[in-house]
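S.K.: Structure file target20.txt (compact mmCIF, C-alpha atoms and all ligand atoms) is given on the next line.
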# COMPACT_ATOMS: atom_id res chain seq x y z
CA VAL A 1 -82.63 223.60 218.99
CA ALA A 2 -82.09 227.36 219.21
CA HIS A 3 -85.18 229.01 217.83
CA GLU A 4 -86.86 232.35 217.53
CA TYR A 5 -88.97 233.51 220.49
CA ARG A 6 -91.28 236.50 220.06
CA LEU A 7 -93.37 237.89 222.86
CA GLU A 8 -95.54 240.85 221.81
CA GLU A 9 -98.92 242.31 222.62
CA GLY A 10 -101.22 241.75 219.67
CA LEU A 11 -99.14 239.05 217.98
CA LEU A 12 -102.26 236.89 217.57
CA SER A 13 -103.69 239.30 215.04
CA ARG A 14 -100.49 239.17 212.96
CA LEU A 15 -100.05 235.38 212.80
CA GLY A 16 -101.25 235.08 209.21
CA GLN A 17 -98.93 237.82 208.06
CA LEU A 18 -95.93 236.21 209.80
CA LEU A 19 -96.65 232.76 208.34
CA ALA A 20 -97.25 234.25 204.89
CA GLU A 21 -93.91 236.06 205.09
CA ALA A 22 -92.34 232.67 205.82
CA GLY A 23 -93.87 231.38 202.59
CA ALA A 24 -97.03 229.65 203.80
CA ARG A 25 -100.34 229.79 201.95
CA ARG A 26 -102.24 227.61 204.33
CA CYS A 27 -101.80 226.00 207.73
CA ALA A 28 -103.19 223.52 210.23
CA VAL A 29 -104.04 224.82 213.68
CA ILE A 30 -104.12 222.31 216.53
CA THR A 31 -105.81 223.53 219.71
CA ASP A 32 -108.07 222.39 222.53
CA ALA A 33 -111.74 223.13 223.12
CA ASN A 34 -111.16 225.62 225.97
CA VAL A 35 -108.72 227.71 223.98
CA ALA A 36 -110.87 227.48 220.86
CA ARG A 37 -113.95 228.69 222.72
CA LEU A 38 -112.13 231.74 224.06
CA TRP A 39 -109.72 232.71 221.29
CA ARG A 40 -110.56 231.00 217.99
CA GLY A 41 -112.45 233.97 216.58
CA GLU A 42 -109.55 236.34 217.04
CA VAL A 43 -106.95 233.92 215.70
CA GLU A 44 -109.06 233.05 212.67
CA GLU A 45 -109.21 236.75 211.93
CA GLY A 46 -105.44 237.05 212.38
CA LEU A 47 -104.77 234.11 210.06
CA ARG A 48 -107.07 235.57 207.39
CA PRO A 49 -104.73 235.58 204.38
CA LEU A 50 -104.17 231.83 204.87
CA ALA A 51 -106.54 228.90 204.40
CA CYS A 52 -106.41 227.08 207.72
CA GLU A 53 -107.71 223.75 208.91
CA TRP A 54 -108.70 223.72 212.61
CA LEU A 55 -108.23 220.55 214.64
CA VAL A 56 -109.85 220.99 218.05
CA LEU A 57 -109.05 218.41 220.73
CA PRO A 58 -110.70 217.79 224.08
CA PRO A 59 -108.56 219.43 226.79
CA GLY A 60 -106.47 217.46 229.27
CA GLU A 61 -103.23 215.54 229.71
CA GLU A 62 -105.04 212.24 229.09
CA HIS A 63 -105.29 213.23 225.42
CA LYS A 64 -101.52 213.66 225.04
CA SER A 65 -101.40 210.13 223.69
CA LEU A 66 -100.45 208.04 220.68
CA ASP A 67 -104.17 207.51 220.02
CA THR A 68 -104.69 211.25 219.65
CA ALA A 69 -101.55 211.58 217.55
CA ARG A 70 -102.86 208.87 215.27
CA ALA A 71 -106.22 210.62 214.93
CA LEU A 72 -104.37 213.84 214.06
CA TYR A 73 -102.31 212.09 211.36
CA ASP A 74 -105.56 210.90 209.78
CA ARG A 75 -107.19 214.29 209.87
CA LEU A 76 -104.13 216.14 208.59
CA LEU A 77 -103.72 213.74 205.65
CA GLU A 78 -107.43 213.98 204.93
CA ALA A 79 -107.04 217.76 204.84
CA GLY A 80 -104.28 217.29 202.26
CA VAL A 81 -101.27 218.66 204.17
CA GLU A 82 -97.95 218.57 202.33
CA ARG A 83 -94.33 218.77 203.43
CA HIS A 84 -94.47 222.56 203.55
CA THR A 85 -97.78 223.06 205.34
CA PRO A 86 -97.07 224.59 208.75
CA VAL A 87 -98.58 223.12 211.90
CA VAL A 88 -99.50 225.72 214.52
CA ALA A 89 -99.83 224.55 218.12
CA PHE A 90 -102.27 227.00 219.70
CA GLY A 91 -102.67 226.10 223.36
CA GLY A 92 -100.91 225.06 226.53
CA GLY A 93 -98.15 222.53 226.96
CA VAL A 94 -100.40 219.57 226.20
CA VAL A 95 -101.27 220.92 222.77
CA GLY A 96 -97.67 222.05 222.17
CA ASP A 97 -96.08 218.70 223.02
CA LEU A 98 -98.65 216.71 221.06
CA ALA A 99 -98.84 218.96 217.98
CA GLY A 100 -95.05 219.16 217.97
CA PHE A 101 -94.76 215.39 218.04
CA VAL A 102 -97.21 215.09 215.17
CA ALA A 103 -95.40 217.83 213.22
CA ALA A 104 -92.04 216.13 213.84
CA THR A 105 -93.18 212.76 212.57
CA LEU A 106 -95.85 213.21 209.87
CA LEU A 107 -94.23 213.15 206.41
CA ARG A 108 -90.89 213.19 208.30
CA GLY A 109 -91.47 216.67 209.56
CA LEU A 110 -93.72 219.64 208.88
CA PRO A 111 -92.81 223.26 209.74
CA PHE A 112 -93.89 223.80 213.33
CA TYR A 113 -94.94 226.96 215.19
CA GLN A 114 -95.74 227.29 218.88
CA VAL A 115 -98.38 229.80 219.89
CA PRO A 116 -98.50 229.20 223.68
CA THR A 117 -101.59 230.21 225.63
CA THR A 118 -100.73 229.28 229.23
CA LEU A 119 -98.11 230.93 231.41
CA LEU A 120 -96.44 227.55 231.80
CA ALA A 121 -96.22 227.09 228.05
CA MET A 122 -94.92 230.65 227.49
CA VAL A 123 -92.05 230.37 229.96
CA ASP A 124 -91.34 226.65 229.70
CA ALA A 125 -93.09 224.07 227.51
CA SER A 126 -92.99 225.97 224.18
CA ILE A 127 -89.24 226.61 224.55
CA GLY A 128 -86.43 224.21 223.73
CA GLY A 129 -87.87 221.83 221.19
CA LYS A 130 -88.90 218.86 223.33
CA VAL A 131 -92.07 217.32 221.90
CA GLY A 132 -93.80 214.09 222.75
CA VAL A 133 -96.68 212.09 224.13
CA ASP A 134 -97.39 209.99 227.22
CA LEU A 135 -97.63 206.20 227.40
CA PRO A 136 -99.59 204.19 229.96
CA GLN A 137 -96.15 203.38 231.48
CA GLY A 138 -95.33 207.02 232.13
CA LYS A 139 -95.37 210.64 231.02
CA ASN A 140 -93.37 211.94 228.05
CA LEU A 141 -91.87 208.53 227.27
CA VAL A 142 -92.13 208.92 223.48
CA GLY A 143 -90.82 212.02 221.84
CA ALA A 144 -88.15 213.95 220.03
CA PHE A 145 -86.18 217.16 219.94
CA TYR A 146 -88.00 219.13 217.24
CA PRO A 147 -87.60 222.87 217.67
CA PRO A 148 -90.35 225.13 216.37
CA ARG A 149 -89.58 227.58 213.57
CA ALA A 150 -90.68 230.17 216.10
CA VAL A 151 -92.52 230.64 219.35
CA LEU A 152 -95.07 233.40 218.88
CA ALA A 153 -96.50 234.47 222.24
CA ASP A 154 -99.16 237.09 222.82
CA PRO A 155 -99.48 237.86 226.54
CA ARG A 156 -103.08 239.02 226.07
CA VAL A 157 -104.30 235.42 226.02
CA LEU A 158 -103.33 235.11 229.67
CA SER A 159 -106.28 237.37 230.56
CA THR A 160 -108.56 234.31 230.45
CA LEU A 161 -106.26 231.92 232.30
CA PRO A 162 -107.95 230.36 235.38
CA PRO A 163 -106.29 230.97 238.80
CA ALA A 164 -105.13 227.35 239.13
CA GLU A 165 -103.27 227.64 235.82
CA TRP A 166 -101.67 230.90 236.98
CA SER A 167 -100.38 229.09 240.04
CA ALA A 168 -99.07 226.24 237.90
CA GLY A 169 -97.20 228.67 235.67
CA MET A 170 -95.88 230.66 238.61
CA ALA A 171 -94.34 227.51 240.07
CA GLU A 172 -92.15 227.34 236.94
CA VAL A 173 -91.49 231.09 236.98
CA ILE A 174 -90.30 230.76 240.59
CA LYS A 175 -88.06 227.88 239.48
CA HIS A 176 -86.55 230.07 236.77
CA ALA A 177 -86.09 232.88 239.30
CA ILE A 178 -84.12 230.55 241.59
CA LEU A 179 -81.92 229.55 238.63
CA ALA A 180 -81.38 233.15 237.52
CA GLY A 181 -81.52 235.11 240.77
CA GLY A 182 -81.03 238.82 240.20
CA SER A 183 -83.76 240.98 238.79
CA LEU A 184 -86.30 238.22 238.12
CA SER A 185 -86.26 237.10 241.75
CA ALA A 186 -86.59 240.73 242.86
CA LEU A 187 -89.42 241.40 240.42
CA LEU A 188 -91.48 238.49 241.79
CA THR A 189 -91.31 239.86 245.32
CA ASP A 190 -93.16 242.99 244.17
CA LEU A 191 -96.01 241.29 242.30
CA SER A 192 -99.43 240.69 243.85
CA ALA A 193 -101.36 237.51 243.10
CA ARG A 194 -103.81 239.49 240.94
CA PRO A 195 -102.19 239.78 237.50
CA ALA A 196 -105.17 241.83 236.26
CA ASP A 197 -103.99 244.62 238.60
CA TRP A 198 -100.32 244.61 237.56
CA PRO A 199 -99.19 247.88 236.07
CA GLY A 200 -98.63 248.26 232.31
CA GLN A 201 -95.68 246.27 231.08
CA VAL A 202 -95.02 244.16 234.18
CA LEU A 203 -96.61 240.97 232.88
CA LEU A 204 -94.67 241.24 229.64
CA GLU A 205 -91.49 241.86 231.62
CA MET A 206 -91.99 238.88 233.91
CA VAL A 207 -92.79 236.46 231.07
CA ARG A 208 -89.86 237.76 229.02
CA ARG A 209 -87.34 237.34 231.84
CA ALA A 210 -88.66 233.92 232.86
CA ALA A 211 -88.58 232.72 229.24
CA GLU A 212 -85.07 234.09 228.76
CA VAL A 213 -83.77 231.86 231.56
CA LYS A 214 -84.79 228.73 229.65
CA LEU A 215 -83.87 230.13 226.24
CA ALA A 216 -80.33 230.84 227.45
CA VAL A 217 -79.85 227.43 229.05
CA VAL A 218 -81.23 225.60 226.03
CA ALA A 219 -79.04 227.58 223.65
CA ARG A 220 -75.95 226.51 225.61
CA ASP A 221 -77.01 222.85 226.04
CA PRO A 222 -79.66 221.90 223.48
CA PHE A 223 -79.65 218.14 224.06
CA GLU A 224 -79.53 218.08 227.85
CA GLU A 225 -76.00 216.83 228.27
CA GLY A 226 -75.16 219.18 231.11
CA GLU A 227 -76.51 222.57 232.10
CA ARG A 228 -80.01 221.88 230.76
CA LEU A 229 -80.39 219.43 233.64
CA HIS A 230 -80.60 222.51 235.89
CA LEU A 231 -84.08 223.09 234.52
CA ASN A 232 -85.09 219.99 236.47
CA LEU A 233 -84.76 221.94 239.72
CA GLY A 234 -87.67 220.83 241.94
CA HIS A 235 -88.74 218.30 239.32
CA THR A 236 -87.00 215.14 240.54
CA PHE A 237 -88.95 215.53 243.77
CA GLY A 238 -91.94 216.94 241.89
CA HIS A 239 -92.33 214.08 239.45
CA ALA A 240 -91.95 211.53 242.24
CA LEU A 241 -94.60 213.29 244.35
CA GLU A 242 -96.96 213.45 241.38
CA ALA A 243 -96.47 209.76 240.60
CA ALA A 244 -96.67 208.61 244.23
CA GLY A 245 -99.98 210.45 244.50
CA GLY A 246 -101.29 208.60 241.46
CA TYR A 247 -101.43 211.91 239.52
CA ARG A 248 -104.61 212.76 241.45
CA LEU A 249 -103.32 213.99 244.79
CA LEU A 250 -101.16 216.80 243.37
CA THR A 251 -101.13 218.81 240.19
CA HIS A 252 -97.80 219.29 238.43
CA GLY A 253 -97.51 222.87 239.70
CA GLN A 254 -98.23 221.86 243.29
CA ALA A 255 -95.72 219.03 243.05
CA VAL A 256 -93.07 221.38 241.63
CA ALA A 257 -93.73 223.87 244.45
CA LEU A 258 -93.15 221.10 247.00
CA GLY A 259 -90.13 219.99 244.99
CA LEU A 260 -88.58 223.45 245.13
CA GLN A 261 -89.10 223.57 248.89
CA ALA A 262 -87.71 220.04 249.30
CA ALA A 263 -84.65 220.86 247.17
CA LEU A 264 -83.97 223.92 249.33
CA ASN A 265 -84.36 221.88 252.52
CA LEU A 266 -82.15 219.05 251.23
CA SER A 267 -79.50 221.53 250.17
CA ARG A 268 -79.48 223.07 253.65
CA ARG A 269 -79.35 219.65 255.28
CA MET A 270 -76.40 218.59 253.10
CA GLY A 271 -74.53 221.80 253.89
CA LEU A 272 -74.67 223.02 250.29
CA LEU A 273 -76.80 226.10 250.90
CA GLU A 274 -74.73 229.27 250.94
CA GLU A 275 -77.56 231.73 251.21
CA ASP A 276 -80.85 230.71 252.79
CA PHE A 277 -83.69 232.15 250.72
CA SER A 278 -86.51 230.25 252.44
CA GLY A 279 -88.29 233.48 253.44
CA TRP A 280 -88.45 234.60 249.82
CA LEU A 281 -89.70 231.18 248.68
CA GLU A 282 -92.26 230.92 251.47
CA THR A 283 -93.75 234.31 250.59
CA LEU A 284 -94.09 233.42 246.92
CA LEU A 285 -95.52 229.94 247.44
CA GLU A 286 -98.10 231.28 249.87
CA ARG A 287 -98.99 234.20 247.64
CA TRP A 288 -99.69 231.86 244.73
CA ARG A 289 -101.54 229.31 246.89
CA LEU A 290 -98.91 226.69 246.25
CA PRO A 291 -98.37 224.06 248.97
CA ARG A 292 -95.37 223.86 251.32
CA ARG A 293 -96.45 220.72 253.20
CA LEU A 294 -97.06 217.27 251.73
CA PRO A 295 -100.68 216.14 251.56
CA ALA A 296 -101.79 213.11 253.55
CA GLY A 297 -101.70 209.79 251.76
CA LEU A 298 -98.13 209.69 250.42
CA ARG A 299 -95.89 206.80 251.42
CA TRP A 300 -92.08 206.73 251.42
CA ALA A 301 -91.96 203.32 249.71
CA ARG A 302 -93.84 204.65 246.67
CA LEU A 303 -91.92 207.90 246.68
CA GLU A 304 -88.57 206.16 246.78
CA ALA A 305 -89.60 203.83 243.96
CA ALA A 306 -90.71 206.85 241.92
CA LEU A 307 -87.47 208.72 242.67
CA ARG A 308 -85.52 205.73 241.39
CA GLN A 309 -87.62 205.69 238.21
CA ASP A 310 -86.59 209.24 237.28
CA LYS A 311 -85.88 209.43 233.56
CA LYS A 312 -82.72 211.45 234.19
CA ARG A 313 -81.29 208.94 236.62
CA ARG A 314 -77.85 207.62 235.93
CA HIS A 315 -76.37 204.43 237.32
CA GLY A 316 -79.22 204.05 239.81
CA ARG A 317 -78.26 206.88 242.19
CA LEU A 318 -80.55 209.60 243.45
CA ASN A 319 -79.37 212.75 241.72
CA PHE A 320 -80.78 216.17 242.47
CA VAL A 321 -80.40 219.72 241.30
CA LEU A 322 -79.97 221.66 244.54
CA PRO A 323 -79.89 225.43 245.02
CA ARG A 324 -76.87 227.07 246.64
CA ARG A 325 -78.25 230.60 246.53
CA LEU A 326 -80.66 232.60 244.39
CA GLY A 327 -78.94 232.38 241.02
CA GLN A 328 -76.83 229.28 241.58
CA VAL A 329 -77.52 225.55 241.67
CA ALA A 330 -75.38 222.41 241.86
CA LEU A 331 -75.88 218.78 240.89
CA ALA A 332 -75.59 216.48 243.88
CA ARG A 333 -76.01 212.83 244.71
CA ALA A 334 -78.06 212.32 247.85
CA ASP A 335 -78.39 209.61 250.44
CA PRO A 336 -81.98 208.27 250.37
CA LEU A 337 -82.14 208.52 254.18
CA GLU A 338 -81.45 212.26 254.02
CA VAL A 339 -84.09 212.62 251.35
CA ARG A 340 -86.59 210.78 253.50
CA ALA A 341 -85.78 212.93 256.53
CA VAL A 342 -86.38 216.10 254.50
CA LEU A 343 -89.76 214.84 253.29
CA GLU A 344 -90.78 213.73 256.78
CA LYS A 345 -90.12 217.26 258.04
CA MET A 346 -92.46 218.43 255.28
CA GLY A 347 -95.25 216.15 256.48
CA LEU A 348 -94.51 212.74 254.98
CA GLU A 349 -96.22 210.19 257.18
CA GLY A 350 -93.81 207.29 256.84
N1 LIG B 1 -91.84 220.23 226.12
C1 LIG B 1 -91.39 220.71 227.24
O1 LIG B 1 -90.24 221.09 227.38
C2 LIG B 1 -92.33 220.79 228.40
C3 LIG B 1 -91.97 221.51 229.55
C4 LIG B 1 -92.88 221.61 230.58
C5 LIG B 1 -94.12 221.01 230.48
N2 LIG B 1 -94.45 220.32 229.36
C6 LIG B 1 -95.78 219.68 229.22
O2 LIG B 1 -96.76 220.70 229.25
C7 LIG B 1 -97.98 220.12 229.72
C8 LIG B 1 -98.62 221.08 230.70
O3 LIG B 1 -98.88 222.30 230.03
P1 LIG B 1 -99.99 223.33 230.57
O4 LIG B 1 -99.81 223.55 232.01
O5 LIG B 1 -99.97 224.49 229.65
O6 LIG B 1 -101.33 222.48 230.48
P2 LIG B 1 -102.54 222.40 229.43
O7 LIG B 1 -102.06 222.49 228.04
O8 LIG B 1 -103.32 221.22 229.82
O9 LIG B 1 -103.38 223.72 229.77
C9 LIG B 1 -103.95 223.84 231.04
C10 LIG B 1 -105.45 224.17 230.95
O10 LIG B 1 -105.62 225.55 230.58
C11 LIG B 1 -106.51 225.67 229.48
N3 LIG B 1 -106.06 226.87 228.76
C12 LIG B 1 -104.98 227.00 227.97
N4 LIG B 1 -104.81 228.28 227.60
C13 LIG B 1 -105.83 228.98 228.16
C14 LIG B 1 -106.21 230.35 228.14
N5 LIG B 1 -105.45 231.28 227.52
N6 LIG B 1 -107.32 230.71 228.81
C15 LIG B 1 -108.06 229.79 229.49
N7 LIG B 1 -107.74 228.48 229.56
C16 LIG B 1 -106.62 228.09 228.90
C17 LIG B 1 -106.36 224.36 228.76
O11 LIG B 1 -107.51 224.08 227.98
C18 LIG B 1 -106.22 223.37 229.91
O12 LIG B 1 -107.48 223.04 230.43
C19 LIG B 1 -97.64 218.76 230.29
O13 LIG B 1 -98.07 217.75 229.41
C20 LIG B 1 -96.13 218.77 230.35
O14 LIG B 1 -95.57 217.49 230.18
C21 LIG B 1 -93.58 220.21 228.33
ZN ZN B 2 -92.59 221.58 235.24
Go ahead and render the structure in this file as structure tokens.

M.R.:
Amino acid sequence: VAHEYRLEEGLLSRLGQLLAEAGARRCAVITDANVARLWRGEVEEGLRPLACEWLVLPPGEEHKSLDTARALYDRLLEAGVERHTPVVAFGGGVVGDLAGFVAATLLRGLPFYQVPTTLLAMVDASIGGKVGVDLPQGKNLVGAFYPPRAVLADPRVLSTLPPAEWSAGMAEVIKHAILAGGSLSALLTDLSARPADWPGQVLLEMVRRAAEVKLAVVARDPFEEGERLHLNLGHTFGHALEAAGGYRLLTHGQAVALGLQAALNLSRRMGLLEEDFSGWLETLLERWRLPRRLPAGLRWARLEAALRQDKKRRHGRLNFVLPRRLGQVALARADPLEVRAVLEKMGLEG
């Protein structure tokens, strides 16, 4: 699952050269309509030495489905792809997960490259080789571990990222900063919420450090048997909040923000917190317009059911990744009553 990760200004214009060096003469690019509208021209230019087929999908999580995968199989076969034709996922996590799943399964596996275009994809979704699609029964229920040959990230694409997507990505960056502590957590304190104003190399630095947190964890535990579970910090709560809100009340990033806050509060309540970093977290969540209180309309019964549905559950207990300090987390089993009390303090109505 260990794979190459390159983060460089201007990488987009060298994609064709890099793929050609790896032996490709053509490729298939899978992207979505938003990304294509903004960046297709430049990437086409950069892929110039290769003959590339473009498959442009409508944007949105609802298209991360088996139906879309099926349509992509048809179009790729029609275009005459062979075992050695690389598939390039050019987009956010939706495109990456879906294109990766298609690359993993068509003809028993085509060479796969991730070219992430959202902050979330650069620091999280493109890393670690998990690919897959959603089912009506739940998100990411069908999939595989299929690492890309390389992740090729060009931070310039983030210049067109809408504010809501910045916030979503920052929720994951903040998660990585809690896991890593040290210089990443210090760096975030100094950054304004206007990335366009950040000095010179700061964006590159932040993305690199946030990505390195996941790269390091995944290298040590590729198949999520132990330490990789730490990457679920804030996500057991987050996924439950998303599901209990019918996936309409909260975006993933908002749910993760609430999940990080809830994990901190639960850790304090259970006496596991050695260093209270709530001030740091509060500043960052507010700066990035991420919520700290639960929205109206969530019910404990639905939340508890969703918490018990967690894919990572074992033997039916509520397991959480809880922070102990910036830079250290622990796995802990929690009493549902404590969990409920924490959420009620954050605005859960009962
Ligand atoms: N495989 C993993 O390990 C992993 C980890 C985390 C998340 N994920 C998955 O990632 C997905 C979420 O990814 P996401 O947040 O990137 O969402 P996304 O792919 O839906 O992208 C968000 C939005 O931003 C637009 N966009 C993308 N790049 C842009 C750019 N440079 N400029 C302007 N607009 C741009 C997209 O068209 C879309 O509307 C979820 O499906 C989630 O399950 C996977
Ligand atoms: Zn997430």

S.K.: Got a sec: who's within 10 Å of Gly96 in chain A, counting all atoms listed in the file, leaving out chain neighbours fewer than 3 positions off, as an MDAnalysis selection string?

M.R.: chainID A and resid 30:31 64 88:93 99:102 112:117 121 125:127 129:132 148

S.K.: Using only C-alpha atoms and all ligand atoms, which of the listed residues (A:Ser159, A:Thr251, A:Ser185, A:Gln261) sits closest to ligand ZN 2 (chain B)?

M.R.: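 Of all the options, A:Thr251 lies closest to ligand ZN 2 (chain B).
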
S.K.: Pick the closest to Gly138 in chain A from A:Gly271, A:Gly246, A:Gly238, A:Gly347: which is it, counting all atoms listed in the file?

M.R.: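 Checking each of A:Gly271, A:Gly246, A:Gly238, A:Gly347 against Gly138 in chain A, counting all atoms listed in the file, the winner is A:Gly246.
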
S.K.: Report as a ChimeraX atom specification which protein, DNA and RNA residues come within 8 Å of ligand ZN 2 (chain B), using all atoms listed in the file.

M.R.: /A:120,124,171-172,232,235,252-253,256

S.K.: Using all atoms listed in the file, which of A:Arg333, A:Arg149, A:Arg156, A:Arg325 sits nearest ligand LIG 1 (chain B)?

M.R.: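 Of the candidates, the smallest distance to ligand LIG 1 (chain B) is held by A:Arg156.
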
S.K.: Pick the closest to Ile178 in chain A from A:Asp134, A:Glu21, A:Asp310, A:Asp276: which is it, counting only C-alpha atoms?

M.R.: A:Asp276

S.K.: Can you work out which one of A:Ala69, A:Ala210, A:Leu204, A:Gly226 has the shortest atom-to-atom distance to His176 in chain A, counting all atoms listed in the file?

M.R.: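 Closest to His176 in chain A of all the choices is A:Ala210.
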
S.K.: Rounded to one decimal place, report the atom O10 of ligand LIG 1 (chain B)-CA of Ala36 in chain A distance in Å.

M.R.: 11.2 Å

S.K.: Got a sec: who's within 10 Å of Lys345 in chain A, counting only C-alpha atoms, leaving out chain neighbours fewer than 2 positions off, as a tab-separated table (two decimals) with C-alpha atoms, in the coordinates of the input?

M.R.:
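Output below, filename around.tsv:
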chain	number	residue	atom	x	y	z
A	262	ALA	CA	-87.71	220.04	249.30
A	265	ASN	CA	-84.36	221.88	252.52
A	293	ARG	CA	-96.45	220.72	253.20
A	294	LEU	CA	-97.06	217.27	251.73
A	340	ARG	CA	-86.59	210.78	253.50
A	341	ALA	CA	-85.78	212.93	256.53
A	342	VAL	CA	-86.38	216.10	254.50
A	343	LEU	CA	-89.76	214.84	253.29
A	347	GLY	CA	-95.25	216.15	256.48
A	348	LEU	CA	-94.51	212.74	254.98
A	349	GLU	CA	-96.22	210.19	257.18

S.K.: Skip Arg83 in chain A itself and residues of its chain fewer than 4 positions away, then list as a PyMOL selection string all residues within 8 Å of it, counting only C-alpha atoms.

M.R.: chain A and resi 107+109-111

S.K.: Go through A:Val321, A:Ala196, A:Leu290, A:Ala243 and flag the residue nearest Ala164 in chain A, using all atoms listed in the file for the distances.

M.R.: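 Closest to Ala164 in chain A of all the choices is A:Leu290.
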
S.K.: Would you work out the distance separating CA of Leu19 in chain A from CA of Arg37 in chain A, expressed in Å to one decimal?

M.R.: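 Interatomic distance here is 22.9 Å.
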
S.K.: In Å, rounded to a single decimal, give me how far CA of Glu62 in chain A is from atom N3 of ligand LIG 1 (chain B).

M.R.: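 Between these atoms lies a distance of 14.7 Å.
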
S.K.: Which residues come within 12 Å of Ala330 in chain A, counting only C-alpha atoms, excluding same-chain residues fewer than 3 positions away, as number ranges by chain?

M.R.: A: 178-179, 226-227, 229-233, 263-264, 267, 270, 272-274, 319-327, 333

S.K.: Scan for residues within 7 Å of the point (-101.9, 211.8, 250.7) in the coordinates of the file, using all atoms listed in the file, and reply as a list in words.

M.R.: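 Looking at atoms near the point gives Gly245, Leu249, Pro295, Ala296, Gly297 and Leu298 of chain A.
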
S.K.: Mind completing range 175-186 of chain A with N, CA, C and O atoms? Output as a compact mmCIF listing (two decimals), in the coordinates of the input, please?

M.R.:
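Just written: part_27.txt:
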# COMPACT_ATOMS: atom_id res chain seq x y z
N LYS A 175 -89.22 228.73 239.77
CA LYS A 175 -88.06 227.88 239.48
C LYS A 175 -87.02 228.64 238.65
O LYS A 175 -85.83 228.63 238.97
N HIS A 176 -87.48 229.32 237.61
CA HIS A 176 -86.55 230.07 236.77
C HIS A 176 -85.89 231.20 237.56
O HIS A 176 -84.72 231.52 237.35
N ALA A 177 -86.66 231.79 238.48
CA ALA A 177 -86.09 232.88 239.30
C ALA A 177 -85.00 232.35 240.23
O ALA A 177 -84.02 233.03 240.49
N ILE A 178 -85.17 231.13 240.74
CA ILE A 178 -84.12 230.55 241.59
C ILE A 178 -82.87 230.30 240.74
O ILE A 178 -81.75 230.57 241.16
N LEU A 179 -83.07 229.81 239.51
CA LEU A 179 -81.92 229.55 238.63
C LEU A 179 -81.20 230.84 238.27
O LEU A 179 -79.98 230.88 238.20
N ALA A 180 -81.98 231.91 238.03
CA ALA A 180 -81.38 233.15 237.52
C ALA A 180 -81.01 234.12 238.62
O ALA A 180 -80.08 234.91 238.46
N GLY A 181 -81.75 234.11 239.72
CA GLY A 181 -81.52 235.11 240.77
C GLY A 181 -81.79 236.51 240.24
O GLY A 181 -82.65 236.70 239.39
N GLY A 182 -81.04 237.46 240.74
CA GLY A 182 -81.03 238.82 240.20
C GLY A 182 -82.39 239.45 240.06
O GLY A 182 -83.25 239.31 240.94
N SER A 183 -82.59 240.11 238.92
CA SER A 183 -83.76 240.98 238.79
C SER A 183 -85.06 240.20 238.71
O SER A 183 -86.09 240.67 239.18
N LEU A 184 -85.05 238.98 238.17
CA LEU A 184 -86.30 238.22 238.12
C LEU A 184 -86.76 237.87 239.54
O LEU A 184 -87.94 238.02 239.87
N SER A 185 -85.85 237.44 240.38
CA SER A 185 -86.26 237.10 241.75
C SER A 185 -86.74 238.35 242.49
O SER A 185 -87.69 238.28 243.29
N ALA A 186 -86.15 239.48 242.22
CA ALA A 186 -86.59 240.73 242.86
C ALA A 186 -87.96 241.16 242.33
O ALA A 186 -88.83 241.60 243.09
